file upload_31.tsv (TSV, C-alpha atoms)
chain	number	residue	atom	x	y	z
A	1	MET	CA	-28.88	-77.18	-67.88
A	2	LEU	CA	-32.23	-78.30	-69.26
A	3	THR	CA	-33.79	-75.05	-68.01
A	4	ALA	CA	-31.02	-72.99	-69.64
A	5	PHE	CA	-31.52	-74.87	-72.92
A	6	VAL	CA	-35.31	-74.41	-72.92
A	7	LEU	CA	-35.06	-70.71	-72.07
A	8	SER	CA	-32.46	-70.21	-74.82
A	9	LEU	CA	-34.60	-72.08	-77.33
A	10	ARG	CA	-37.64	-69.97	-76.47
A	11	GLN	CA	-35.69	-66.76	-77.06
A	12	LEU	CA	-34.57	-67.65	-80.58
A	13	GLY	CA	-37.44	-65.54	-81.90
A	14	ASP	CA	-36.19	-62.42	-80.09
A	15	PRO	CA	-35.41	-59.84	-82.81
A	16	ARG	CA	-31.99	-59.19	-81.26
A	17	ILE	CA	-31.16	-62.90	-81.39
A	18	VAL	CA	-32.51	-63.19	-84.93
A	19	ARG	CA	-30.21	-60.34	-86.01
A	20	VAL	CA	-27.20	-62.13	-84.53
A	21	LEU	CA	-28.24	-65.39	-86.20
A	22	ALA	CA	-28.52	-63.62	-89.55
A	23	LYS	CA	-25.17	-61.85	-89.18
A	24	SER	CA	-23.30	-64.90	-87.91
A	25	PHE	CA	-24.80	-67.20	-90.55
A	26	GLY	CA	-24.07	-64.70	-93.33
A	27	LEU	CA	-20.47	-64.13	-92.25
A	28	THR	CA	-19.85	-67.86	-91.76
A	29	VAL	CA	-21.16	-68.62	-95.26
A	30	LEU	CA	-19.10	-65.75	-96.70
A	31	LEU	CA	-15.89	-67.00	-95.08
A	32	ILE	CA	-16.46	-70.59	-96.20
A	33	ALA	CA	-17.44	-69.48	-99.73
A	34	THR	CA	-14.31	-67.33	-99.91
A	35	LEU	CA	-12.22	-70.35	-98.91
A	36	GLY	CA	-13.85	-72.48	-101.62
A	37	ALA	CA	-13.48	-69.81	-104.31
A	38	GLY	CA	-9.86	-69.19	-103.35
A	39	LEU	CA	-9.01	-72.88	-103.60
A	40	TRP	CA	-10.82	-73.16	-106.94
A	41	PHE	CA	-8.97	-70.25	-108.54
A	42	ALA	CA	-5.63	-71.28	-107.02
A	43	ALA	CA	-5.97	-74.87	-108.28
A	44	ARG	CA	-6.88	-73.74	-111.81
A	45	ALA	CA	-3.96	-71.33	-111.91
A	46	ALA	CA	-1.56	-73.94	-110.56
A	47	ALA	CA	-2.74	-76.54	-113.09
A	48	ARG	CA	-2.12	-74.12	-115.95
A	49	ALA	CA	1.25	-72.87	-114.67
A	50	TRP	CA	2.83	-76.06	-113.38
A	51	LEU	CA	1.11	-78.83	-115.33
A	52	ASP	CA	0.59	-76.93	-118.56
A	53	ALA	CA	-3.05	-78.05	-118.42
A	54	GLY	CA	-5.67	-76.82	-120.83
A	55	ASP	CA	-9.19	-75.70	-120.01
A	56	ALA	CA	-10.35	-79.24	-119.26
A	57	GLY	CA	-7.41	-79.97	-116.96
A	58	ALA	CA	-7.75	-76.67	-115.18
A	59	GLY	CA	-11.48	-77.25	-114.76
A	60	LEU	CA	-10.84	-80.68	-113.27
A	61	ALA	CA	-8.26	-79.25	-110.87
A	62	GLY	CA	-10.73	-76.55	-109.86
A	63	PHE	CA	-13.46	-79.13	-109.26
A	64	VAL	CA	-11.16	-81.27	-107.07
A	65	ALA	CA	-10.12	-78.17	-105.13
A	66	LEU	CA	-13.78	-77.30	-104.64
A	67	LEU	CA	-14.42	-80.75	-103.16
A	68	VAL	CA	-11.43	-80.26	-100.87
A	69	GLY	CA	-12.88	-76.89	-99.89
A	70	VAL	CA	-16.21	-78.51	-98.99
A	71	ALA	CA	-14.40	-81.08	-96.83
A	72	LEU	CA	-12.36	-78.34	-95.13
A	73	ALA	CA	-15.51	-76.29	-94.58
A	74	TRP	CA	-17.12	-79.24	-92.81
A	75	LEU	CA	-14.02	-79.76	-90.66
A	76	LEU	CA	-13.58	-76.06	-89.90
A	77	PHE	CA	-17.25	-75.20	-89.45
A	78	ARG	CA	-17.15	-75.47	-85.67
A	79	ALA	CA	-14.13	-73.18	-85.38
A	80	VAL	CA	-15.47	-70.63	-87.88
A	81	ALA	CA	-19.00	-70.60	-86.43
A	82	ILE	CA	-17.82	-70.13	-82.84
A	83	ALA	CA	-15.35	-67.44	-83.91
A	84	VAL	CA	-18.09	-65.57	-85.77
A	85	VAL	CA	-20.60	-65.79	-82.94
A	86	GLY	CA	-17.81	-64.71	-80.60
A	87	ILE	CA	-17.60	-61.47	-82.54
A	88	PHE	CA	-21.32	-60.83	-82.04
A	89	GLY	CA	-21.61	-62.77	-78.77
A	90	ASP	CA	-21.99	-59.70	-76.59
A	91	GLU	CA	-25.28	-58.96	-78.38
A	92	VAL	CA	-26.61	-62.42	-77.50
A	93	VAL	CA	-25.54	-62.11	-73.87
A	94	GLU	CA	-27.07	-58.64	-73.65
A	95	ALA	CA	-30.39	-59.85	-75.09
A	96	VAL	CA	-30.59	-62.72	-72.57
A	97	GLU	CA	-29.64	-60.47	-69.67
A	98	ALA	CA	-32.19	-57.85	-70.70
A	99	ARG	CA	-34.99	-60.42	-70.56
A	100	HIS	CA	-33.94	-62.59	-67.63
A	101	TYR	CA	-31.26	-60.80	-65.58
A	102	PRO	CA	-31.92	-57.04	-65.71
A	103	ALA	CA	-30.12	-56.38	-62.41
A	104	ALA	CA	-26.93	-57.99	-63.74
A	105	MET	CA	-27.27	-56.14	-67.02
A	106	ALA	CA	-27.43	-52.82	-65.16
A	107	THR	CA	-23.90	-53.37	-63.84
A	108	ALA	CA	-22.46	-55.03	-66.96
A	109	ARG	CA	-19.72	-53.49	-69.07
A	110	PRO	CA	-20.35	-53.81	-72.84
A	111	VAL	CA	-17.45	-55.61	-74.48
A	112	PRO	CA	-15.75	-53.47	-77.17
A	113	PHE	CA	-15.96	-54.90	-80.68
A	114	ALA	CA	-12.16	-55.18	-80.88
A	115	ARG	CA	-12.08	-57.36	-77.77
A	116	SER	CA	-14.98	-59.52	-78.99
A	117	ALA	CA	-13.22	-60.01	-82.34
A	118	THR	CA	-9.96	-60.89	-80.59
A	119	MET	CA	-11.70	-63.43	-78.36
A	120	GLY	CA	-13.52	-64.93	-81.35
A	121	ILE	CA	-10.35	-65.28	-83.43
A	122	ALA	CA	-8.45	-66.71	-80.46
A	123	SER	CA	-11.25	-69.23	-79.98
A	124	ALA	CA	-11.00	-70.36	-83.60
A	125	ALA	CA	-7.21	-70.58	-83.41
A	126	ARG	CA	-7.38	-72.70	-80.24
A	127	ALA	CA	-9.97	-75.01	-81.80
A	128	ILE	CA	-7.87	-75.59	-84.93
A	129	LEU	CA	-4.52	-75.96	-83.16
A	130	VAL	CA	-5.77	-78.18	-80.32
A	131	ASN	CA	-7.70	-80.46	-82.67
A	132	LEU	CA	-4.68	-80.72	-84.96
A	133	ALA	CA	-2.50	-81.58	-81.97
A	134	ALA	CA	-5.06	-84.18	-80.87
A	135	THR	CA	-5.26	-85.78	-84.34
A	136	PRO	CA	-2.75	-88.56	-83.44
A	137	VAL	CA	-4.94	-89.42	-80.45
A	138	TYR	CA	-8.03	-89.46	-82.68
A	139	VAL	CA	-6.24	-91.81	-85.09
A	140	LEU	CA	-5.10	-94.05	-82.23
A	141	LEU	CA	-8.63	-94.22	-80.89
A	142	LEU	CA	-9.87	-95.08	-84.39
A	143	VAL	CA	-7.31	-97.88	-84.76
A	144	THR	CA	-7.95	-99.32	-81.31
A	145	GLY	CA	-11.71	-99.06	-81.76
A	146	VAL	CA	-12.18	-97.08	-78.56
A	147	GLY	CA	-14.06	-94.31	-80.30
A	148	THR	CA	-12.71	-91.24	-82.06
A	149	PRO	CA	-16.01	-89.35	-81.58
A	150	ILE	CA	-15.58	-89.65	-77.81
A	151	GLY	CA	-12.14	-88.05	-77.98
A	152	PHE	CA	-13.35	-85.31	-80.32
A	153	PHE	CA	-16.38	-84.65	-78.13
A	154	ALA	CA	-14.26	-84.41	-74.97
A	155	VAL	CA	-11.66	-82.07	-76.48
A	156	ASN	CA	-14.23	-79.71	-77.98
A	157	THR	CA	-16.36	-79.73	-74.84
A	158	LEU	CA	-13.37	-78.40	-72.89
A	159	LEU	CA	-12.65	-75.76	-75.54
A	160	LEU	CA	-16.23	-74.54	-75.76
A	161	ALA	CA	-16.62	-74.54	-71.98
A	162	ARG	CA	-13.85	-71.94	-71.79
A	163	ASP	CA	-14.85	-69.87	-74.82
A	164	LEU	CA	-18.55	-69.55	-74.01
A	165	SER	CA	-17.95	-68.90	-70.32
A	166	ASP	CA	-15.44	-66.14	-71.14
A	167	MET	CA	-17.93	-64.59	-73.55
A	168	VAL	CA	-20.32	-63.93	-70.66
A	169	ALA	CA	-17.76	-63.27	-67.94
A	170	ALA	CA	-16.10	-60.57	-70.05
A	171	ARG	CA	-19.11	-58.32	-69.32
A	172	HIS	CA	-18.86	-58.77	-65.54
A	173	VAL	CA	-15.27	-59.68	-64.69
A	174	GLU	CA	-12.01	-57.80	-65.17
A	175	PRO	CA	-9.69	-59.43	-67.77
A	176	ALA	CA	-7.16	-60.34	-65.07
A	177	ALA	CA	-9.87	-62.21	-63.13
A	178	LEU	CA	-11.11	-64.38	-66.02
A	179	ALA	CA	-9.00	-67.37	-64.96
A	180	ALA	CA	-10.50	-67.29	-61.45
A	181	SER	CA	-13.98	-66.97	-62.95
A	182	ARG	CA	-13.39	-70.10	-65.05
A	183	ARG	CA	-12.59	-72.08	-61.89
A	184	THR	CA	-15.78	-71.03	-60.13
A	185	GLN	CA	-17.83	-71.73	-63.27
A	186	ARG	CA	-16.17	-75.05	-64.14
A	187	VAL	CA	-19.14	-77.42	-63.78
A	188	PRO	CA	-21.84	-75.27	-65.46
A	189	SER	CA	-19.35	-74.31	-68.18
A	190	LEU	CA	-18.60	-77.96	-68.93
A	191	LEU	CA	-22.31	-78.73	-69.17
A	192	VAL	CA	-22.77	-75.83	-71.62
A	193	GLY	CA	-19.71	-76.95	-73.60
A	194	ALA	CA	-20.96	-80.54	-73.82
A	195	THR	CA	-24.46	-79.50	-74.88
A	196	THR	CA	-23.17	-77.09	-77.52
A	197	THR	CA	-20.69	-79.64	-78.87
A	198	GLY	CA	-23.53	-82.14	-79.20
A	199	LEU	CA	-25.69	-79.61	-81.03
A	200	LEU	CA	-22.82	-78.82	-83.42
A	201	LEU	CA	-22.80	-82.47	-84.50
A	202	ILE	CA	-26.44	-82.41	-85.63
A	203	PRO	CA	-26.99	-81.26	-89.24
A	204	PHE	CA	-28.98	-78.01	-89.57
A	205	VAL	CA	-29.24	-77.71	-85.78
A	206	ASN	CA	-25.52	-76.88	-85.85
A	207	LEU	CA	-26.42	-73.59	-87.56
A	208	LEU	CA	-28.17	-72.50	-84.36
A	209	ALA	CA	-25.73	-74.15	-81.96
A	210	PRO	CA	-23.26	-71.27	-81.44
A	211	VAL	CA	-26.00	-68.77	-80.59
A	212	LEU	CA	-27.79	-71.29	-78.38
A	213	GLY	CA	-24.45	-71.97	-76.69
A	214	ALA	CA	-23.92	-68.27	-75.95
A	215	ALA	CA	-27.44	-67.96	-74.55
A	216	MET	CA	-27.07	-71.10	-72.41
A	217	ALA	CA	-23.72	-69.85	-71.12
A	218	THR	CA	-25.40	-66.63	-70.02
A	219	HIS	CA	-28.05	-68.52	-68.05
A	220	ALA	CA	-25.44	-70.86	-66.57
A	221	PHE	CA	-23.20	-67.98	-65.49
A	222	HIS	CA	-25.88	-65.96	-63.75
A	223	ARG	CA	-27.60	-68.94	-62.13
A	224	SER	CA	-24.22	-70.10	-60.80
A	225	VAL	CA	-23.47	-66.63	-59.42
A	226	ALA	CA	-26.92	-66.50	-57.80
A	227	ARG	CA	-26.22	-69.79	-56.01
call {"tool": "encode", "arguments": {"input": "upload_31.tsv", "output": "structure tokens"}}
result
Amino acid sequence: MLTAFVLSLRQLGDPRIVRVLAKSFGLTVLLIATLGAGLWFAARAAARAWLDAGDAGAGLAGFVALLVGVALAWLLFRAVAIAVVGIFGDEVVEAVEARHYPAAMATARPVPFARSATMGIASAARAILVNLAATPVYVLLLVTGVGTPIGFFAVNTLLLARDLSDMVAARHVEPAALAASRRTQRVPSLLVGATTTGLLLIPFVNLLAPVLGAAMATHAFHRSVAR
């Protein structure tokens, strides 16, 4: 996994990777900004309509909503970022294959944009729903002092292991065979998922984490197949 990480890090300067980084970062920021703006306007309108608040009251409500939006953005960043990179993930996989695995690239099937978007949205939905479902466990771990971060790390490692592995396998495996591919790729996928989850927890580095995760997953997939 160290080799996959180093190779992925070295390729960050590849123009194709840079384009994906720019697009994914821009779309992520746009989605989060839209969420914040929507909450701000909705809170101001609600304060005026339901609380008969004046400009000052509406402004205060908008400010509180903006703070809530920032908190939600922090909580949802992982889901949004992975969903966005999922949309452009085929470009990352293709760039890595072109440089390191040209023989595999020659037989790959480009993933249609509609399928990439569907996989990205499904990834985000799974992340949100599973983490919401696991919230009672996180709270229990917090109360018992066992360690909520450990639970969060484990859950998101499993989710990312599947999502990033599927992103690569979609180019080489029929949709009906994805489940079987996950079984054969279980160990390398888990290592990629754990590494990417760790990177997502580091400020600023988390901006690069989804693209690095896609690149590492590509190396892990092809090195596993070669073995």
call {"tool": "closest_atom_pairs", "arguments": {"input": "upload_31.tsv", "of": "segment 83-114 of chain A", "to": "segment 163-171 of chain A", "cutoff": "9 Å", "atoms": "all atoms listed in the file", "output": "tab-separated table"}}
result
residue	atom	partner	partner_atom	distance
A:Gly86	CA	A:Met167	CA	7.1
A:Gly89	CA	A:Met167	CA	6.6
A:Asp90	CA	A:Met167	CA	7.0
A:Val93	CA	A:Val168	CA	6.4
A:Met105	CA	A:Arg171	CA	8.8
A:Thr107	CA	A:Arg171	CA	8.8
A:Ala108	CA	A:Arg171	CA	5.3
A:Arg109	CA	A:Arg171	CA	4.9
A:Pro110	CA	A:Arg171	CA	5.9
A:Val111	CA	A:Arg171	CA	6.1
call {"tool": "write_last_selection", "arguments": {"input": "upload_31.tsv", "atoms": "C-alpha atoms", "output": "CSV table (one decimal), in the frame of the given file"}}
result
chain,number,residue,atom,x,y,z
A,86,GLY,CA,-17.8,-64.7,-80.6
A,89,GLY,CA,-21.6,-62.8,-78.8
A,90,ASP,CA,-22.0,-59.7,-76.6
A,93,VAL,CA,-25.5,-62.1,-73.9
A,105,MET,CA,-27.3,-56.1,-67.0
A,107,THR,CA,-23.9,-53.4,-63.8
A,108,ALA,CA,-22.5,-55.0,-67.0
A,109,ARG,CA,-19.7,-53.5,-69.1
A,110,PRO,CA,-20.4,-53.8,-72.8
A,111,VAL,CA,-17.4,-55.6,-74.5
call {"tool": "residues_around", "arguments": {"input": "upload_31.tsv", "residues": "Met1 of chain A", "least_positions_apart": "2", "cutoff": "10 Å", "atoms": "all atoms listed in the file", "output": "JSON, numbers by chain"}}
result
{"A": [3, 4, 5, 6, 7, 188, 189, 191, 192, 195, 216, 217, 219, 220]}
call {"tool": "atom_distance", "arguments": {"input": "upload_31.tsv", "atom1": "atom CA of Phe113 of chain A", "atom2": "atom CA of Ile87 of chain A"}}
result
7.0 Å
call {"tool": "atom_distance", "arguments": {"input": "upload_31.tsv", "atom1": "atom CA of Asn206 of chain A", "atom2": "atom CA of Val85 of chain A"}}
result
12.5 Å
call {"tool": "atom_distance", "arguments": {"input": "upload_31.tsv", "atom1": "atom CA of Ala81 of chain A", "atom2": "atom CA of Arg19 of chain A"}}
result
15.2 Å
call {"tool": "residues_near_point", "arguments": {"input": "upload_31.tsv", "point": "(-8.5, -80.0, -81.8)", "cutoff": "10 Å", "atoms": "all atoms listed in the file", "output": "ChimeraX atom specification"}}
result
/A:79,125-135,138,151-156,159
call {"tool": "residues_around", "arguments": {"input": "upload_31.tsv", "residues": "Ser8 of chain A", "least_positions_apart": "5", "cutoff": "12 Å", "atoms": "all atoms listed in the file", "output": "PyMOL selection string"}}
result
chain A and resi 1-3+13-14+17+92-93+95-97+99-100+192+196+208-220
call {"tool": "write_last_selection", "arguments": {"input": "upload_31.tsv", "atoms": "C-alpha atoms", "output": "PDB file, keeping the file's coordinate frame"}}
result
ATOM      1  CA  MET A   1     -28.880 -77.180 -67.880  1.00  0.00           C
ATOM      2  CA  LEU A   2     -32.230 -78.300 -69.260  1.00  0.00           C
ATOM      3  CA  THR A   3     -33.790 -75.050 -68.010  1.00  0.00           C
ATOM      4  CA  GLY A  13     -37.440 -65.540 -81.900  1.00  0.00           C
ATOM      5  CA  ASP A  14     -36.190 -62.420 -80.090  1.00  0.00           C
ATOM      6  CA  ILE A  17     -31.160 -62.900 -81.390  1.00  0.00           C
ATOM      7  CA  VAL A  92     -26.610 -62.420 -77.500  1.00  0.00           C
ATOM      8  CA  VAL A  93     -25.540 -62.110 -73.870  1.00  0.00           C
ATOM      9  CA  ALA A  95     -30.390 -59.850 -75.090  1.00  0.00           C
ATOM     10  CA  VAL A  96     -30.590 -62.720 -72.570  1.00  0.00           C
ATOM     11  CA  GLU A  97     -29.640 -60.470 -69.670  1.00  0.00           C
ATOM     12  CA  ARG A  99     -34.990 -60.420 -70.560  1.00  0.00           C
ATOM     13  CA  HIS A 100     -33.940 -62.590 -67.630  1.00  0.00           C
ATOM     14  CA  VAL A 192     -22.770 -75.830 -71.620  1.00  0.00           C
ATOM     15  CA  THR A 196     -23.170 -77.090 -77.520  1.00  0.00           C
ATOM     16  CA  LEU A 208     -28.170 -72.500 -84.360  1.00  0.00           C
ATOM     17  CA  ALA A 209     -25.730 -74.150 -81.960  1.00  0.00           C
ATOM     18  CA  PRO A 210     -23.260 -71.270 -81.440  1.00  0.00           C
ATOM     19  CA  VAL A 211     -26.000 -68.770 -80.590  1.00  0.00           C
ATOM     20  CA  LEU A 212     -27.790 -71.290 -78.380  1.00  0.00           C
ATOM     21  CA  GLY A 213     -24.450 -71.970 -76.690  1.00  0.00           C
ATOM     22  CA  ALA A 214     -23.920 -68.270 -75.950  1.00  0.00           C
ATOM     23  CA  ALA A 215     -27.440 -67.960 -74.550  1.00  0.00           C
ATOM     24  CA  MET A 216     -27.070 -71.100 -72.410  1.00  0.00           C
ATOM     25  CA  ALA A 217     -23.720 -69.850 -71.120  1.00  0.00           C
ATOM     26  CA  THR A 218     -25.400 -66.630 -70.020  1.00  0.00           C
ATOM     27  CA  HIS A 219     -28.050 -68.520 -68.050  1.00  0.00           C
ATOM     28  CA  ALA A 220     -25.440 -70.860 -66.570  1.00  0.00           C
TER      29      ALA A 220
END
call {"tool": "closest_residue", "arguments": {"input": "upload_31.tsv", "among": "A:Val18, A:Ile82, A:Ala98, A:Ala177", "to": "Gly193 of chain A", "atoms": "all atoms listed in the file"}}
result
A:Ile82
call {"tool": "residues_near_point", "arguments": {"input": "upload_31.tsv", "point": "(-13.0, -65.3, -62.2)", "cutoff": "12 Å", "atoms": "all atoms listed in the file", "output": "PDB file with C-alpha atoms, in the coordinates of the input"}}
result
ATOM      1  CA  ARG A 162     -13.850 -71.940 -71.790  1.00  0.00           C
ATOM      2  CA  SER A 165     -17.950 -68.900 -70.320  1.00  0.00           C
ATOM      3  CA  ASP A 166     -15.440 -66.140 -71.140  1.00  0.00           C
ATOM      4  CA  VAL A 168     -20.320 -63.930 -70.660  1.00  0.00           C
ATOM      5  CA  ALA A 169     -17.760 -63.270 -67.940  1.00  0.00           C
ATOM      6  CA  ALA A 170     -16.100 -60.570 -70.050  1.00  0.00           C
ATOM      7  CA  ARG A 171     -19.110 -58.320 -69.320  1.00  0.00           C
ATOM      8  CA  HIS A 172     -18.860 -58.770 -65.540  1.00  0.00           C
ATOM      9  CA  VAL A 173     -15.270 -59.680 -64.690  1.00  0.00           C
ATOM     10  CA  GLU A 174     -12.010 -57.800 -65.170  1.00  0.00           C
ATOM     11  CA  PRO A 175      -9.690 -59.430 -67.770  1.00  0.00           C
ATOM     12  CA  ALA A 176      -7.160 -60.340 -65.070  1.00  0.00           C
ATOM     13  CA  ALA A 177      -9.870 -62.210 -63.130  1.00  0.00           C
ATOM     14  CA  LEU A 178     -11.110 -64.380 -66.020  1.00  0.00           C
ATOM     15  CA  ALA A 179      -9.000 -67.370 -64.960  1.00  0.00           C
ATOM     16  CA  ALA A 180     -10.500 -67.290 -61.450  1.00  0.00           C
ATOM     17  CA  SER A 181     -13.980 -66.970 -62.950  1.00  0.00           C
ATOM     18  CA  ARG A 182     -13.390 -70.100 -65.050  1.00  0.00           C
ATOM     19  CA  ARG A 183     -12.590 -72.080 -61.890  1.00  0.00           C
ATOM     20  CA  THR A 184     -15.780 -71.030 -60.130  1.00  0.00           C
ATOM     21  CA  GLN A 185     -17.830 -71.730 -63.270  1.00  0.00           C
ATOM     22  CA  ARG A 186     -16.170 -75.050 -64.140  1.00  0.00           C
ATOM     23  CA  PHE A 221     -23.200 -67.980 -65.490  1.00  0.00           C
ATOM     24  CA  VAL A 225     -23.470 -66.630 -59.420  1.00  0.00           C
TER      25      VAL A 225
END
call {"tool": "closest_residue", "arguments": {"input": "upload_31.tsv", "among": "A:Ala22, A:Ala37, A:Leu190, A:Ile121", "to": "Val84 of chain A", "atoms": "only C-alpha atoms"}}
result
A:Ile121
call {"tool": "closest_residue", "arguments": {"input": "upload_31.tsv", "among": "A:Val137, A:Ile150, A:Leu39, A:Phe88", "to": "Met119 of chain A", "atoms": "all atoms listed in the file"}}
result
A:Phe88
